[in-house]
Structures are given as structure tokens and as C-alpha cells.
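Asks: Take a look at this one; I'll ask things after.
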Amino acid sequence: MNQILLRTADPDEAELLSALTRRSKGHWGYPQAMLDRMADVLSISSATIRDGHVVVAERGGTVLGYYQLAGEPPHGELADLFLEPGAIGTGLGRALWEHALTSARSAGFHTLTLESDPHAEGFYLRMGAERTGDREVAPGRTLPLLRVTLAP
């Protein structure tokens, strides 16, 4: 029952995963007004789940996190990796990261890029990603850009 199950997301889980995304982002103390303005960015659609590579982590039937791979080999993107706030720091992020890298290699990707929340950048750097720059998303707000090279 304490085992983590990693499985393909179901398109019917779009609302559930979108709510998880907003809770996860809110964990970092962002004001609710900012989260409300970002609602479109902090959502995942049924079509994206149906047409993409989205994997959820669940324990005992409860979804605790997910990731999404995007793009076409050889260069892809880790488009999302979000955890329930209570799961942050438990090793679940590492499990999802490692599963994402394995899935990406199997799909023929050589590199993955990602935009990180500034609060999560340290996690990705510890996982082996390297910072390649940043992107301004709003006046005074930049996001770290990272890349990981996938060994064959």
C-alpha cells in the first residue's frame, strides 16, 4: 500500500492534475493573485494528456505527482514535473525524474530542456541538469533554463 505506482495519465485526470499543479506552485509562497493570473500556464488539458507523454505517481490510489515529456527526438523537453506539497522532499521527485529520463532515452531523446521554478532549480541541478540561461517571463521575473544530456 505504501508502494508508489508510476503509470500513464488518463485524459480524464486533467482537472485533478491541474489542481495538483496549482497546489505545487503555491507551495513556494506565491501570492494567490499571481497564481490566478497564471491559471492557464498551471493547467494541463485532456488533449495534452491524450496526445503526449504524461506519467503520474500514485500511492494507494491517490495521485501525488506527475511529469510530462514533450517534443520530438532527439531533443525534447521536460514540460512539467509537479508534486503534491506534502510529497516534496520525500524522494518522489527523484523517482519521477529518473523515470522521465529512462522514458526519454527509450523514446530516442538525447537531451531534455526545461524551465524551472527558481525554487526548484537546486533540485534539478542535484539531479544532473546544467543551467544554460534564463528567460524573462514578466518584468522582474526570470526562470532558469536547464538541460540534461541523456547517456545512451
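Chain labels A, B, ... are given in the sequence in which chains occur in the C-alpha cells; within each chain residues are numbered consecutively from 1, and ligands are likewise numbered from 1 in the order shown.
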Excluding same-chain residues fewer than 3 positions from Val137 of chain A, what lies within 12 Å of it counting only C-alpha atoms, as JSON, numbers by chain?

Replies: {"A": [38, 41, 115, 116, 117, 134, 140, 141, 142, 143, 144, 145]}

Asks: Take the residues from that selection and put them in a file with C-alpha atoms, as a PDB file, in the first residue's frame.

Replies:
```pdb
ATOM      1  CA  MET A  38      -1.011  32.016 -14.204  1.00  0.00           C
ATOM      2  CA  VAL A  41       0.056  28.040 -17.581  1.00  0.00           C
ATOM      3  CA  GLU A 115      12.245  25.870 -17.488  1.00  0.00           C
ATOM      4  CA  SER A 116      12.486  25.598 -13.732  1.00  0.00           C
ATOM      5  CA  ASP A 117      10.770  27.464 -10.981  1.00  0.00           C
ATOM      6  CA  ASP A 134      17.250  32.166 -18.175  1.00  0.00           C
ATOM      7  CA  GLY A 140      11.489  41.369 -12.894  1.00  0.00           C
ATOM      8  CA  ARG A 141      10.744  37.621 -13.053  1.00  0.00           C
ATOM      9  CA  THR A 142      13.038  35.174 -14.816  1.00  0.00           C
ATOM     10  CA  LEU A 143      13.024  31.401 -14.938  1.00  0.00           C
ATOM     11  CA  PRO A 144      16.192  29.305 -15.048  1.00  0.00           C
ATOM     12  CA  LEU A 145      16.654  27.326 -18.268  1.00  0.00           C
TER      13      LEU A 145
END
```

Asks: Please run DSSP on the backbone and report, as a PDB file with N, CA and C atoms, in the first residue's frame, all residues within chain A that come out as strand (DSSP E).

Replies:
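Listing of out_5.pdb after writing:
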```
ATOM      1  N   ILE A   4       4.829   3.170  -4.478  1.00  0.00           N
ATOM      2  CA  ILE A   4       4.496   4.178  -5.479  1.00  0.00           C
ATOM      3  C   ILE A   4       4.279   3.473  -6.807  1.00  0.00           C
ATOM      4  N   LEU A   5       3.168   3.779  -7.448  1.00  0.00           N
ATOM      5  CA  LEU A   5       2.861   3.253  -8.767  1.00  0.00           C
ATOM      6  C   LEU A   5       3.052   4.384  -9.767  1.00  0.00           C
ATOM      7  N   LEU A   6       3.878   4.173 -10.787  1.00  0.00           N
ATOM      8  CA  LEU A   6       4.048   5.119 -11.883  1.00  0.00           C
ATOM      9  C   LEU A   6       3.286   4.559 -13.071  1.00  0.00           C
ATOM     10  N   ARG A   7       2.374   5.369 -13.629  1.00  0.00           N
ATOM     11  CA  ARG A   7       1.528   4.900 -14.723  1.00  0.00           C
ATOM     12  C   ARG A   7       1.201   6.052 -15.662  1.00  0.00           C
ATOM     13  N   THR A   8       0.770   5.720 -16.847  1.00  0.00           N
ATOM     14  CA  THR A   8       0.349   6.715 -17.817  1.00  0.00           C
ATOM     15  C   THR A   8      -0.901   7.428 -17.303  1.00  0.00           C
ATOM     16  N   HIS A  53       3.059  12.516 -23.510  1.00  0.00           N
ATOM     17  CA  HIS A  53       3.635  11.503 -22.623  1.00  0.00           C
ATOM     18  C   HIS A  53       3.559  12.070 -21.208  1.00  0.00           C
ATOM     19  N   VAL A  54       2.489  11.728 -20.495  1.00  0.00           N
ATOM     20  CA  VAL A  54       2.272  12.204 -19.133  1.00  0.00           C
ATOM     21  C   VAL A  54       2.193  10.986 -18.222  1.00  0.00           C
ATOM     22  N   VAL A  55       3.010  11.005 -17.169  1.00  0.00           N
ATOM     23  CA  VAL A  55       3.077   9.884 -16.227  1.00  0.00           C
ATOM     24  C   VAL A  55       2.755  10.409 -14.840  1.00  0.00           C
ATOM     25  N   VAL A  56       1.876   9.709 -14.136  1.00  0.00           N
ATOM     26  CA  VAL A  56       1.525  10.086 -12.770  1.00  0.00           C
ATOM     27  C   VAL A  56       2.143   9.098 -11.784  1.00  0.00           C
ATOM     28  N   ALA A  57       2.372   9.608 -10.576  1.00  0.00           N
ATOM     29  CA  ALA A  57       2.817   8.781  -9.451  1.00  0.00           C
ATOM     30  C   ALA A  57       1.672   8.755  -8.456  1.00  0.00           C
ATOM     31  N   GLU A  58       1.286   7.558  -8.064  1.00  0.00           N
ATOM     32  CA  GLU A  58       0.214   7.457  -7.077  1.00  0.00           C
ATOM     33  C   GLU A  58       0.585   6.445  -6.006  1.00  0.00           C
ATOM     34  N   ARG A  59      -0.010   6.659  -4.869  1.00  0.00           N
ATOM     35  CA  ARG A  59       0.135   5.732  -3.743  1.00  0.00           C
ATOM     36  C   ARG A  59      -1.258   5.506  -3.179  1.00  0.00           C
ATOM     37  N   THR A  62      -4.078   7.511  -4.651  1.00  0.00           N
ATOM     38  CA  THR A  62      -4.001   8.972  -4.586  1.00  0.00           C
ATOM     39  C   THR A  62      -2.840   9.459  -5.450  1.00  0.00           C
ATOM     40  N   VAL A  63      -3.138  10.343  -6.384  1.00  0.00           N
ATOM     41  CA  VAL A  63      -2.102  10.906  -7.254  1.00  0.00           C
ATOM     42  C   VAL A  63      -1.284  11.911  -6.443  1.00  0.00           C
ATOM     43  N   LEU A  64       0.041  11.712  -6.438  1.00  0.00           N
ATOM     44  CA  LEU A  64       0.943  12.559  -5.664  1.00  0.00           C
ATOM     45  C   LEU A  64       1.851  13.426  -6.528  1.00  0.00           C
ATOM     46  N   GLY A  65       1.889  13.164  -7.822  1.00  0.00           N
ATOM     47  CA  GLY A  65       2.742  13.951  -8.709  1.00  0.00           C
ATOM     48  C   GLY A  65       2.642  13.449 -10.127  1.00  0.00           C
ATOM     49  N   TYR A  66       3.290  14.194 -11.027  1.00  0.00           N
ATOM     50  CA  TYR A  66       3.314  13.785 -12.431  1.00  0.00           C
ATOM     51  C   TYR A  66       4.427  14.510 -13.169  1.00  0.00           C
ATOM     52  N   TYR A  67       4.762  13.968 -14.339  1.00  0.00           N
ATOM     53  CA  TYR A  67       5.651  14.665 -15.258  1.00  0.00           C
ATOM     54  C   TYR A  67       5.100  14.542 -16.667  1.00  0.00           C
ATOM     55  N   GLN A  68       5.588  15.436 -17.535  1.00  0.00           N
ATOM     56  CA  GLN A  68       5.213  15.421 -18.942  1.00  0.00           C
ATOM     57  C   GLN A  68       6.462  15.622 -19.797  1.00  0.00           C
ATOM     58  N   LEU A  69       6.653  14.730 -20.763  1.00  0.00           N
ATOM     59  CA  LEU A  69       7.693  14.899 -21.776  1.00  0.00           C
ATOM     60  C   LEU A  69       7.049  15.443 -23.037  1.00  0.00           C
ATOM     61  N   ALA A  70       7.764  16.331 -23.722  1.00  0.00           N
ATOM     62  CA  ALA A  70       7.248  16.922 -24.962  1.00  0.00           C
ATOM     63  C   ALA A  70       8.375  16.986 -25.983  1.00  0.00           C
ATOM     64  N   GLY A  71       8.002  17.177 -27.231  1.00  0.00           N
ATOM     65  CA  GLY A  71       8.971  17.337 -28.298  1.00  0.00           C
ATOM     66  C   GLY A  71       9.170  16.064 -29.085  1.00  0.00           C
ATOM     67  N   GLU A  72      10.064  16.181 -30.043  1.00  0.00           N
ATOM     68  CA  GLU A  72      10.394  15.061 -30.920  1.00  0.00           C
ATOM     69  C   GLU A  72      11.881  14.751 -30.776  1.00  0.00           C
ATOM     70  N   HIS A  75      15.771  15.901 -29.467  1.00  0.00           N
ATOM     71  CA  HIS A  75      15.784  16.922 -28.419  1.00  0.00           C
ATOM     72  C   HIS A  75      14.366  17.153 -27.919  1.00  0.00           C
ATOM     73  N   GLY A  76      14.171  16.957 -26.621  1.00  0.00           N
ATOM     74  CA  GLY A  76      12.851  17.094 -26.036  1.00  0.00           C
ATOM     75  C   GLY A  76      12.841  18.055 -24.875  1.00  0.00           C
ATOM     76  N   GLU A  77      11.718  18.072 -24.211  1.00  0.00           N
ATOM     77  CA  GLU A  77      11.518  18.981 -23.088  1.00  0.00           C
ATOM     78  C   GLU A  77      10.834  18.234 -21.951  1.00  0.00           C
ATOM     79  N   LEU A  78      11.300  18.484 -20.745  1.00  0.00           N
ATOM     80  CA  LEU A  78      10.554  18.079 -19.564  1.00  0.00           C
ATOM     81  C   LEU A  78       9.606  19.243 -19.312  1.00  0.00           C
ATOM     82  N   ALA A  79       8.398  19.116 -19.841  1.00  0.00           N
ATOM     83  CA  ALA A  79       7.448  20.232 -19.821  1.00  0.00           C
ATOM     84  C   ALA A  79       6.875  20.474 -18.433  1.00  0.00           C
ATOM     85  N   ASP A  80       6.712  19.421 -17.652  1.00  0.00           N
ATOM     86  CA  ASP A  80       6.139  19.534 -16.305  1.00  0.00           C
ATOM     87  C   ASP A  80       6.756  18.479 -15.408  1.00  0.00           C
ATOM     88  N   LEU A  81       6.913  18.836 -14.144  1.00  0.00           N
ATOM     89  CA  LEU A  81       7.184  17.874 -13.085  1.00  0.00           C
ATOM     90  C   LEU A  81       6.688  18.559 -11.819  1.00  0.00           C
ATOM     91  N   PHE A  82       5.548  18.087 -11.314  1.00  0.00           N
ATOM     92  CA  PHE A  82       4.913  18.697 -10.150  1.00  0.00           C
ATOM     93  C   PHE A  82       4.572  17.625  -9.120  1.00  0.00           C
ATOM     94  N   LEU A  83       4.677  18.018  -7.850  1.00  0.00           N
ATOM     95  CA  LEU A  83       4.366  17.132  -6.731  1.00  0.00           C
ATOM     96  C   LEU A  83       3.368  17.796  -5.801  1.00  0.00           C
ATOM     97  N   THR A 111      18.706  14.812 -25.450  1.00  0.00           N
ATOM     98  CA  THR A 111      18.717  15.896 -24.463  1.00  0.00           C
ATOM     99  C   THR A 111      17.286  16.252 -24.088  1.00  0.00           C
ATOM    100  N   LEU A 112      17.146  16.771 -22.878  1.00  0.00           N
ATOM    101  CA  LEU A 112      15.888  17.358 -22.429  1.00  0.00           C
ATOM    102  C   LEU A 112      16.212  18.745 -21.895  1.00  0.00           C
ATOM    103  N   THR A 113      15.370  19.706 -22.232  1.00  0.00           N
ATOM    104  CA  THR A 113      15.480  21.040 -21.669  1.00  0.00           C
ATOM    105  C   THR A 113      14.280  21.263 -20.757  1.00  0.00           C
ATOM    106  N   LEU A 114      14.402  22.240 -19.880  1.00  0.00           N
ATOM    107  CA  LEU A 114      13.281  22.588 -19.030  1.00  0.00           C
ATOM    108  C   LEU A 114      13.437  23.994 -18.496  1.00  0.00           C
ATOM    109  N   GLU A 115      12.304  24.615 -18.220  1.00  0.00           N
ATOM    110  CA  GLU A 115      12.245  25.870 -17.488  1.00  0.00           C
ATOM    111  C   GLU A 115      11.892  25.504 -16.061  1.00  0.00           C
ATOM    112  N   GLU A 130      22.123  20.986 -16.085  1.00  0.00           N
ATOM    113  CA  GLU A 130      23.018  22.136 -16.070  1.00  0.00           C
ATOM    114  C   GLU A 130      22.239  23.369 -16.513  1.00  0.00           C
ATOM    115  N   ARG A 131      22.562  24.492 -15.906  1.00  0.00           N
ATOM    116  CA  ARG A 131      21.895  25.745 -16.259  1.00  0.00           C
ATOM    117  C   ARG A 131      22.476  26.260 -17.568  1.00  0.00           C
ATOM    118  N   THR A 132      21.588  26.629 -18.489  1.00  0.00           N
ATOM    119  CA  THR A 132      22.026  27.130 -19.791  1.00  0.00           C
ATOM    120  C   THR A 132      21.663  28.590 -19.997  1.00  0.00           C
ATOM    121  N   GLY A 133      20.898  29.169 -19.101  1.00  0.00           N
ATOM    122  CA  GLY A 133      20.485  30.569 -19.236  1.00  0.00           C
ATOM    123  C   GLY A 133      19.243  30.828 -18.426  1.00  0.00           C
ATOM    124  N   ASP A 134      18.521  31.866 -18.823  1.00  0.00           N
ATOM    125  CA  ASP A 134      17.250  32.166 -18.175  1.00  0.00           C
ATOM    126  C   ASP A 134      16.332  32.845 -19.178  1.00  0.00           C
ATOM    127  N   ARG A 135      15.060  32.909 -18.814  1.00  0.00           N
ATOM    128  CA  ARG A 135      14.060  33.526 -19.680  1.00  0.00           C
ATOM    129  C   ARG A 135      13.200  34.443 -18.833  1.00  0.00           C
ATOM    130  N   GLU A 136      13.060  35.685 -19.286  1.00  0.00           N
ATOM    131  CA  GLU A 136      12.199  36.626 -18.582  1.00  0.00           C
ATOM    132  C   GLU A 136      10.751  36.314 -18.937  1.00  0.00           C
ATOM    133  N   VAL A 137       9.936  36.055 -17.927  1.00  0.00           N
ATOM    134  CA  VAL A 137       8.537  35.702 -18.143  1.00  0.00           C
ATOM    135  C   VAL A 137       7.603  36.845 -17.767  1.00  0.00           C
ATOM    136  N   ALA A 138       8.123  37.804 -17.018  1.00  0.00           N
ATOM    137  CA  ALA A 138       7.373  39.005 -16.623  1.00  0.00           C
ATOM    138  C   ALA A 138       8.423  40.011 -16.152  1.00  0.00           C
ATOM    139  N   ARG A 141      10.856  39.054 -13.367  1.00  0.00           N
ATOM    140  CA  ARG A 141      10.744  37.621 -13.053  1.00  0.00           C
ATOM    141  C   ARG A 141      11.359  36.803 -14.178  1.00  0.00           C
ATOM    142  N   THR A 142      12.402  36.056 -13.843  1.00  0.00           N
ATOM    143  CA  THR A 142      13.038  35.174 -14.816  1.00  0.00           C
ATOM    144  C   THR A 142      12.986  33.738 -14.317  1.00  0.00           C
ATOM    145  N   LEU A 143      12.996  32.825 -15.262  1.00  0.00           N
ATOM    146  CA  LEU A 143      13.024  31.401 -14.938  1.00  0.00           C
ATOM    147  C   LEU A 143      14.334  30.806 -15.430  1.00  0.00           C
ATOM    148  N   PRO A 144      14.974  29.985 -14.613  1.00  0.00           N
ATOM    149  CA  PRO A 144      16.192  29.305 -15.048  1.00  0.00           C
ATOM    150  C   PRO A 144      15.880  28.322 -16.185  1.00  0.00           C
ATOM    151  N   LEU A 145      16.732  28.305 -17.192  1.00  0.00           N
ATOM    152  CA  LEU A 145      16.654  27.326 -18.268  1.00  0.00           C
ATOM    153  C   LEU A 145      17.734  26.283 -18.007  1.00  0.00           C
ATOM    154  N   LEU A 146      17.346  25.021 -18.105  1.00  0.00           N
ATOM    155  CA  LEU A 146      18.254  23.932 -17.786  1.00  0.00           C
ATOM    156  C   LEU A 146      18.217  22.882 -18.898  1.00  0.00           C
ATOM    157  N   ARG A 147      19.267  22.058 -18.905  1.00  0.00           N
ATOM    158  CA  ARG A 147      19.347  20.973 -19.887  1.00  0.00           C
ATOM    159  C   ARG A 147      20.003  19.777 -19.220  1.00  0.00           C
ATOM    160  N   VAL A 148      19.559  18.607 -19.628  1.00  0.00           N
ATOM    161  CA  VAL A 148      20.207  17.368 -19.197  1.00  0.00           C
ATOM    162  C   VAL A 148      20.513  16.576 -20.465  1.00  0.00           C
ATOM    163  N   THR A 149      21.740  16.071 -20.523  1.00  0.00           N
ATOM    164  CA  THR A 149      22.150  15.215 -21.631  1.00  0.00           C
ATOM    165  C   THR A 149      21.957  13.780 -21.183  1.00  0.00           C
TER     166      THR A 149
END
```

Asks: One decimal, Å: what's the distance from atom CA of Gly60 of chain A over to atom CA of Asn2 of chain A, could you say?

Replies: 6.8 Å

Asks: Using only C-alpha atoms, determine which residues lie at most 7 Å from segment 100-107 of chain A, disregarding the query and same-chain residues fewer than 3 positions distant; provide the list as a tab-separated table (two decimals) with C-alpha atoms, in the first residue's frame.

Replies:
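As a result, selection_23.tsv now contains:
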```
chain	number	residue	atom	x	y	z
A	96	LEU	CA	9.70	10.85	-11.26
A	97	TRP	CA	12.89	12.47	-12.61
A	110	HIS	CA	19.43	12.73	-26.46
A	150	LEU	CA	20.94	11.63	-21.68
A	152	PRO	CA	22.77	6.08	-24.08
```

Asks: How close does each residue of segment 34-79 of chain A get to segment 11-15 of chain A, giving the shortest atom pair and distance in Å to one decimal for every residue with an atom at most 9 Å away, counting only C-alpha atoms, sorted by chain and residue number, as JSON lines?

Replies:
```
{"residue": "A:Ser43", "atom": "CA", "partner": "A:Ala14", "partner_atom": "CA", "distance": 7.8}
{"residue": "A:Ile44", "atom": "CA", "partner": "A:Ala14", "partner_atom": "CA", "distance": 5.8}
{"residue": "A:Ser45", "atom": "CA", "partner": "A:Ala14", "partner_atom": "CA", "distance": 5.4}
{"residue": "A:Ser46", "atom": "CA", "partner": "A:Pro11", "partner_atom": "CA", "distance": 4.4}
{"residue": "A:Ala47", "atom": "CA", "partner": "A:Pro11", "partner_atom": "CA", "distance": 6.9}
{"residue": "A:Thr48", "atom": "CA", "partner": "A:Pro11", "partner_atom": "CA", "distance": 7.9}
{"residue": "A:Ile49", "atom": "CA", "partner": "A:Pro11", "partner_atom": "CA", "distance": 5.2}
{"residue": "A:Arg50", "atom": "CA", "partner": "A:Pro11", "partner_atom": "CA", "distance": 5.4}
```

Asks: Work out how far apart atom CA of Leu20 of chain A and atom CA of Pro139 of chain A are and give it in Å to one decimal.

Replies: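 So the two atoms, atom CA of Leu20 of chain A and atom CA of Pro139 of chain A, lie 26.5 Å apart.
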
Asks: Just checking: using only C-alpha atoms, which residue out of A:Ala151, A:Leu42, A:Ala33, A:Ile88 ends up closest to Thr21 of chain A?

Replies: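 When distances to Thr21 of chain A are compared using only C-alpha atoms, the smallest one comes from A:Leu42.
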
Asks: Which residue, A:Glu84, A:Gln3, A:Leu125, A:Pro73, has the smallest gap to Ser18 of chain A when you use only C-alpha atoms?

Replies: A:Glu84
